[in-house]
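*Asks:* The structure under discussion is supplied below as structure tokens; questions concerning it will follow.
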Amino acid sequence: MDHGRARKSAGRGRGSGWESENSRKHLRDFSRATKNTANVTRQQQTNKFASAEQRFQETSKHFAKDAANLLKQYKDESSSEEDELDDDGILSKLTQSYKGFELSNGDKLENLGLTTQYLTECCQSGAITCLVCISSVKRHEQIWNCEKCFAIFHLPCIKQWVLEGVAQTTLLSAEHFPKRNIPWYCPKCRNEYSRSKCPENYYCFCGAVMDPVPDPWNLPHSCGEQCNHLLSQPPCGHKCLLLCHPGPCPPCPQTVKVGCYCGRKIPITRRCGKAGWSCGDKCNKLLPCKRHRCLLTCHSGDCDTCGQISEKSCICGKKSGMKPCAEPLWSCGEICGKQLACGFHHCEKVCHKDGECGDCPRAGVRTCPCGKKKLQGMACTDDVILCEDTCGKNLSCFGNHKCPRRCHFGDCGSCPLMAHKPCRCGKREKEVACQKEYTCETRCQKMRACGKHQCRRKCCVGDCPNCEQVCGKSLQCKKHKCQMYCHTGPCYPCPLTSKVTCRCQATAITVVCGKEKTTRPPRCRKKCVIPPDCHHHSRLPHTCHFGDCPRCKQICKQQLECGHICPGVCHDKVVVKNEIKAAAPWEQPQREYIIKKLPCPPCLEPMSAVCQGGHDFSQFPCHELKAYSCGRLCGRKLACGNHTCALQCHAVEDAPDTEKAGTNCAACEEACSKPRPDGCDHECVSPCHTEDCPPCRKRLRMRCHCGMVLLKHLCCDWAGKSDEEKERMQSCGNHCPKIIEKCGHLCKMQCHPGHCTSAKQCQKKVAKRCPCKRRKKEVLCSLVDMKEHLVECDDVCISIKAAKETERRQLEQKKKEEEERKQQEEVERFERKIHRRSRIRKNDNSADEDEGNRGGLLTKIFSSSLTRVTALLVFVISVIVYTYINTQI
């Protein structure tokens, strides 16, 4: 079922074209309705002075209403259709027990014969039509199927058909014939059924289950069990192996051993349904002529009559001739002519066997022609004598008259008498010749059996015949008219059938006439045969369908201007969306889809291209292929032979070879770039040249080894010298001004490279003193650190040192006392200033107390608060002063 639903959602199977056509119809109706509504709305709104927003809202409401109505109509129509079943799955399930005839790879059930059509139609919605009511048979409705033609009808319809048919066709009275059994007939094949076989209950196709429950995994109206009907084609005694199914049972799939038709070959294993087989040799059976043998290839049934010619005698043996062997006896057509036993007369019979001439016809007892007189003893050669009596034979007339003539030979003839005769209907009487029938001119006024037309026969006896006029009513198919004689009741269904085919007409189903438009076309598994609408010779294989074929997905393969093949998907028929702008703000923009042929896309074939200067190869799409520059320098050797072209990669013109520069390469404007002599870092001052460079006359400035003198030498004199010569040239010849490490004396050597002499070799005399610096002694710098050259302090040095220490202490004590005196004076000065302010404040407070006593409660409160604030300020100032003094000390 999942595969069936996938196919149904993708294309809706065999009804995809029909549903897409309905969808397009609804969309066209919706578009037409919306356009009409927009026009009406626009006319109404132009007469009002409403804003554009109001008009837009009202138009939107109209659109929504129309869309809802159309959607409801579409849902009502689509709900009446049944969903498609997974016919492939159901057919596979039905035939899984049918050995040798299973479905494989979507092949048709060709070996199932007519059963295939019934199975397919039963799975397809709307394919089965009841011939009584001319409407589709749904899967959930009760049915009855004919035993002979296997046509399917609604169970209520066939019941009504039986009752109405019996009531209309009966001519026997129920009073006089109480046990009558009136048959009824199938509406399609007219197969006769007895009254007792009138269907009353709903059974499955095989008749085993009453009221089968619908199952989407089984065939509609099927019980899902094995059919088990005895097979009749041929009547081999085996049972049908299919599940309960409509239509005839397929040929028997059992295997049996049978010989060929002529019986001369060894029996082989064959399918019972196709047991007969021909060995291919001549039949060679003896034909009924007993002379020749059958020359046909081994065949079924009796051999044909012998077709050869042989000489045969006629029955009487008088003549012989070449006659077909299939005619064992033949008559020559001549009278026998043999003499009879009487000896006087001859046999008058035509060619016959010997001994069959018989006796003489004139022998024995004979009578006169009227039969009244018997003549005995007459010879066969004597003629009969007529009697003189009246003939008296009964004439065939109305009055039962007798022949009035005398005895005579031959017929009596007609009655010559007149008679008073009534007409056939009994309404008139007249004297007419007795042998003539009298008919009056009165026309019968009775209605015929059809109940529509009068009899209108002259002198009708009451047995009015059936109406001979054609009914001519339109049948339910609305295409044909009833061709039966005029009748009562409804007309029989149209006996004609129509075929509903797929697009290619390779697959077809037979439906009742008039149901072609409402029946979904069958699902065709053949390939679509619609010719391609693009430049390709054929389309991609896909199954037959209605409507337009899907867009071609093949590679274009058209040759482009560059000579390559277009690799894009076919673009001859491409749907392009085109938007149409709205004419007014309240209208919606419309979209339309048009089919256009698009040009081939640019060629993307990768192409290798060399740059203009021939330096590199690069890949480019074919449509972008052109002369390009790789961005490198040209690199070709210029005429100077030393430099190359400095232009960016370009096309070289008139170049003698692939390495030398052309006429359009850049001229050499560079300086000489030849390698300089060893030791010369200067550039050649001459322009680019081919000969050797001149000597470098640049002066080299360099410091001597000691760094005190700036020396100048020519580059040509300096370059190429040895290291010893360069050291000599770099020396200024003066004493080295460098200081010896550790000792700090000047180097005594001339200007030299490298390090100066060490402190251990220094011969400079230095003064070495005692720790108090009073005593000194001159020694060599290299011997300063030796112990024997140390200078110690003597007693004089120690006494001098003690006197200096005493003097230092006295100075420090004096300085300390001076600082203490200054601090004490500063504190006293500050205290005096503070005491002076406190006396003034005390006097002010006493005066304020007197006034406060007079001023009241408010003055006292203010005085006390002011006192507290003043005290606080004094305390803060005291702390600040104290801190400052300590800092100064």
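A note on labels: chains of the structure tokens are A, B, ... as shown, every chain counts residues from 1, and ligands are counted from 1 in their shown order.
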Quick one: everything within 9 Å of Met702 (chain A), counting only C-alpha atoms, minus sequence neighbours fewer than 5 positions away in the same chain. Send it as an NGL selection string.
*Replies:* :A and (707 or 709-713 or 730)
*Asks:* Could you write out that same residue set with C-alpha atoms as a PDB file, in the first residue's frame?
*Replies:*
```pdb
ATOM      1  CA  GLY A 707      88.725  54.308  16.958  1.00  0.00           C
ATOM      2  CA  VAL A 709      91.331  58.479  13.807  1.00  0.00           C
ATOM      3  CA  LEU A 710      89.083  58.420  10.694  1.00  0.00           C
ATOM      4  CA  LEU A 711      91.043  56.840   7.850  1.00  0.00           C
ATOM      5  CA  LYS A 712      90.266  57.097   4.086  1.00  0.00           C
ATOM      6  CA  HIS A 713      91.304  54.551   1.430  1.00  0.00           C
ATOM      7  CA  GLN A 730      93.592  50.293   9.268  1.00  0.00           C
TER       8      GLN A 730
END
```
*Asks:* Skipping near chain neighbours, those fewer than 6 positions away, what residues fall within 10 Å of Ile134 (chain A) using only C-alpha atoms, listed as a list in words?
*Replies:* Ile128, Phe153, Gln476, Cys477, Pro493, Cys494, Val512, Cys513, Gly514 and Lys515 of chain A
*Asks:* Of the candidates A:Pro606, A:Pro369, A:Gly333, A:Gly641, which shows the shortest atom-to-atom distance to Cys412 (chain A), using only C-alpha atoms?
*Replies:*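 Of A:Pro606, A:Pro369, A:Gly333, A:Gly641, the one nearest Cys412 (chain A), counting only C-alpha atoms, is A:Pro369.
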*Asks:* Suppose you want the space between CA of His245 (chain A) and CA of Asn145 (chain A); what is it in Å?
*Replies:* 11.2 Å
*Asks:* Tell me which of A:Gln308, A:Asn466, A:Ile595, A:Ile565 sits closest to Asp533 (chain A), counting only C-alpha atoms.
*Replies:*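 Nearest to Asp533 (chain A): A:Ile595.
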*Asks:* Would you mind listing what lies within 7 Å of Cys640 (chain A) as a CSV table (one decimal) with all heavy atoms, in the first residue's frame, with only C-alpha atoms counted and same-chain residues fewer than 4 positions away left out?
*Replies:*
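The file below, out_21.csv, is the result:
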```csv
chain,number,residue,atom,x,y,z
A,688,CYS,N,74.6,50.1,-17.9
A,688,CYS,CA,74.7,48.7,-18.2
A,688,CYS,C,75.6,48.5,-19.5
A,688,CYS,O,75.4,49.2,-20.5
A,688,CYS,CB,73.3,48.1,-18.5
A,688,CYS,SG,73.4,46.3,-18.7
A,689,HIS,N,76.6,47.7,-19.4
A,689,HIS,CA,77.6,47.5,-20.4
A,689,HIS,C,78.0,46.0,-20.5
A,689,HIS,O,77.8,45.3,-19.6
A,689,HIS,CB,78.8,48.4,-20.2
A,689,HIS,CG,79.4,48.2,-18.8
A,689,HIS,ND1,80.4,47.2,-18.6
A,689,HIS,CD2,79.2,48.8,-17.6
A,689,HIS,CE1,80.7,47.2,-17.3
A,689,HIS,NE2,80.0,48.2,-16.7
A,690,THR,N,78.7,45.8,-21.6
A,690,THR,CA,79.1,44.4,-21.8
A,690,THR,C,80.5,44.1,-21.4
A,690,THR,O,80.9,43.0,-21.0
A,690,THR,CB,78.9,44.0,-23.3
A,690,THR,OG1,79.6,44.9,-24.1
A,690,THR,CG2,77.4,44.1,-23.6
```
*Asks:* May I have the residues within 12 Å of Gly679 (chain A) as a PDB file with N, CA and C atoms, in the first residue's frame, using only C-alpha atoms and disregarding those fewer than 2 positions away in the same chain?
*Replies:*
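Output contents, as saved in out06.pdb:
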```
ATOM      1  N   PRO A 675      78.843  41.318 -11.370  1.00  0.00           N
ATOM      2  CA  PRO A 675      79.381  41.054 -10.033  1.00  0.00           C
ATOM      3  C   PRO A 675      80.620  41.900  -9.764  1.00  0.00           C
ATOM      4  N   ARG A 676      80.721  42.482  -8.548  1.00  0.00           N
ATOM      5  CA  ARG A 676      81.822  43.349  -8.166  1.00  0.00           C
ATOM      6  C   ARG A 676      82.980  42.497  -7.657  1.00  0.00           C
ATOM      7  N   PRO A 677      84.188  43.090  -7.639  1.00  0.00           N
ATOM      8  CA  PRO A 677      85.335  42.347  -7.083  1.00  0.00           C
ATOM      9  C   PRO A 677      85.124  42.056  -5.610  1.00  0.00           C
ATOM     10  N   ASP A 681      81.600  46.689  -2.358  1.00  0.00           N
ATOM     11  CA  ASP A 681      80.152  46.657  -2.232  1.00  0.00           C
ATOM     12  C   ASP A 681      79.487  47.755  -3.010  1.00  0.00           C
ATOM     13  N   HIS A 682      80.236  48.547  -3.770  1.00  0.00           N
ATOM     14  CA  HIS A 682      79.652  49.667  -4.506  1.00  0.00           C
ATOM     15  C   HIS A 682      79.145  49.207  -5.866  1.00  0.00           C
ATOM     16  N   CYS A 696      86.991  50.761  -9.031  1.00  0.00           N
ATOM     17  CA  CYS A 696      86.121  51.558  -8.176  1.00  0.00           C
ATOM     18  C   CYS A 696      86.945  52.652  -7.509  1.00  0.00           C
ATOM     19  N   LEU A 700      86.778  54.725   0.917  1.00  0.00           N
ATOM     20  CA  LEU A 700      86.194  54.018   2.048  1.00  0.00           C
ATOM     21  C   LEU A 700      86.567  54.743   3.314  1.00  0.00           C
ATOM     22  N   LEU A 714      91.067  54.296  -0.997  1.00  0.00           N
ATOM     23  CA  LEU A 714      90.325  53.994  -2.224  1.00  0.00           C
ATOM     24  C   LEU A 714      89.845  52.547  -2.183  1.00  0.00           C
ATOM     25  N   CYS A 715      88.610  52.363  -2.757  1.00  0.00           N
ATOM     26  CA  CYS A 715      88.014  51.012  -2.731  1.00  0.00           C
ATOM     27  C   CYS A 715      88.853  50.052  -3.537  1.00  0.00           C
ATOM     28  N   CYS A 716      89.411  50.539  -4.669  1.00  0.00           N
ATOM     29  CA  CYS A 716      90.214  49.640  -5.496  1.00  0.00           C
ATOM     30  C   CYS A 716      91.486  49.235  -4.766  1.00  0.00           C
ATOM     31  N   ASP A 717      92.043  50.155  -3.827  1.00  0.00           N
ATOM     32  CA  ASP A 717      93.227  49.792  -3.058  1.00  0.00           C
ATOM     33  C   ASP A 717      92.872  48.832  -1.921  1.00  0.00           C
ATOM     34  N   TRP A 718      91.719  49.003  -1.371  1.00  0.00           N
ATOM     35  CA  TRP A 718      91.308  48.180  -0.224  1.00  0.00           C
ATOM     36  C   TRP A 718      90.883  46.781  -0.664  1.00  0.00           C
ATOM     37  N   ALA A 719      90.098  46.730  -1.770  1.00  0.00           N
ATOM     38  CA  ALA A 719      89.565  45.437  -2.200  1.00  0.00           C
ATOM     39  C   ALA A 719      90.698  44.550  -2.683  1.00  0.00           C
ATOM     40  N   GLY A 720      90.619  43.384  -2.432  1.00  0.00           N
ATOM     41  CA  GLY A 720      91.579  42.396  -2.898  1.00  0.00           C
ATOM     42  C   GLY A 720      92.809  42.254  -2.020  1.00  0.00           C
ATOM     43  N   LYS A 721      92.957  43.038  -0.932  1.00  0.00           N
ATOM     44  CA  LYS A 721      94.112  42.922  -0.038  1.00  0.00           C
ATOM     45  C   LYS A 721      93.916  41.759   0.912  1.00  0.00           C
ATOM     46  N   SER A 722      95.065  41.296   1.472  1.00  0.00           N
ATOM     47  CA  SER A 722      94.986  40.226   2.455  1.00  0.00           C
ATOM     48  C   SER A 722      94.600  40.797   3.819  1.00  0.00           C
ATOM     49  N   ASP A 723      94.308  39.934   4.731  1.00  0.00           N
ATOM     50  CA  ASP A 723      93.874  40.380   6.057  1.00  0.00           C
ATOM     51  C   ASP A 723      94.999  41.118   6.789  1.00  0.00           C
ATOM     52  N   LYS A 726      95.204  44.591   5.332  1.00  0.00           N
ATOM     53  CA  LYS A 726      94.065  45.407   5.764  1.00  0.00           C
ATOM     54  C   LYS A 726      94.244  45.860   7.215  1.00  0.00           C
TER      55      LYS A 726
END
```
*Asks:* Would you mind listing what lies within 10 Å of Ser782 (chain A) as a VMD selection string, with only C-alpha atoms counted and same-chain residues fewer than 5 positions away left out?
*Replies:* chain A and resid 743 758 to 766
*Asks:* Based on DSSP run over this structure's backbone, return all residues of region 465-589 of chain A in strand (DSSP E or B), as a list in words.
*Replies:*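 In region 465-589 of chain A, DSSP puts these residues in strand (DSSP E or B): Val470, Ser474, Lys481, Tyr485, Thr497, Ser498, Lys499, Val500, Thr501, Ala508, Ile509, Thr510, Val511, Val512, Lys527, Thr543, Ile555, Gln559, Ile565, Val569, Val574, Val575, Val576, Lys577, Asn578, Glu579 and Ile580 of chain A.
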*Asks:* Since we have the selection now, will you write its residues out, keeping C-alpha atoms, as a CSV table (one decimal), in the first residue's frame?
*Replies:*
```csv
chain,number,residue,atom,x,y,z
A,470,VAL,CA,-39.7,0.7,-33.1
A,474,SER,CA,-33.4,7.4,-25.7
A,481,LYS,CA,-32.2,4.8,-29.1
A,485,TYR,CA,-40.4,-3.2,-30.9
A,497,THR,CA,-20.1,-1.2,-25.1
A,498,SER,CA,-17.3,1.3,-25.4
A,499,LYS,CA,-13.6,1.1,-24.7
A,500,VAL,CA,-11.8,3.6,-22.4
A,501,THR,CA,-8.2,3.6,-23.4
A,508,ALA,CA,-8.2,-0.4,-22.7
A,509,ILE,CA,-11.1,-1.4,-20.5
A,510,THR,CA,-14.6,-2.2,-21.7
A,511,VAL,CA,-17.4,-0.1,-20.1
A,512,VAL,CA,-21.1,0.3,-20.7
A,527,LYS,CA,6.1,3.4,-22.6
A,543,THR,CA,4.8,5.2,-18.7
A,555,ILE,CA,21.5,16.3,-21.8
A,559,GLN,CA,26.9,21.8,-30.8
A,565,ILE,CA,28.6,19.8,-26.9
A,569,VAL,CA,19.7,19.8,-19.3
A,574,VAL,CA,11.2,25.6,-20.1
A,575,VAL,CA,8.4,27.0,-17.9
A,576,VAL,CA,9.2,30.6,-17.1
A,577,LYS,CA,7.3,32.6,-14.5
A,578,ASN,CA,6.1,36.0,-15.6
A,579,GLU,CA,4.6,38.4,-13.1
A,580,ILE,CA,2.0,41.0,-14.2
```
*Asks:* How many Å separate CA of Met484 (chain A) from CA of Cys464 (chain A)?
*Replies:*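 About the pair CA of Met484 (chain A) and CA of Cys464 (chain A): they are 17.9 Å apart.
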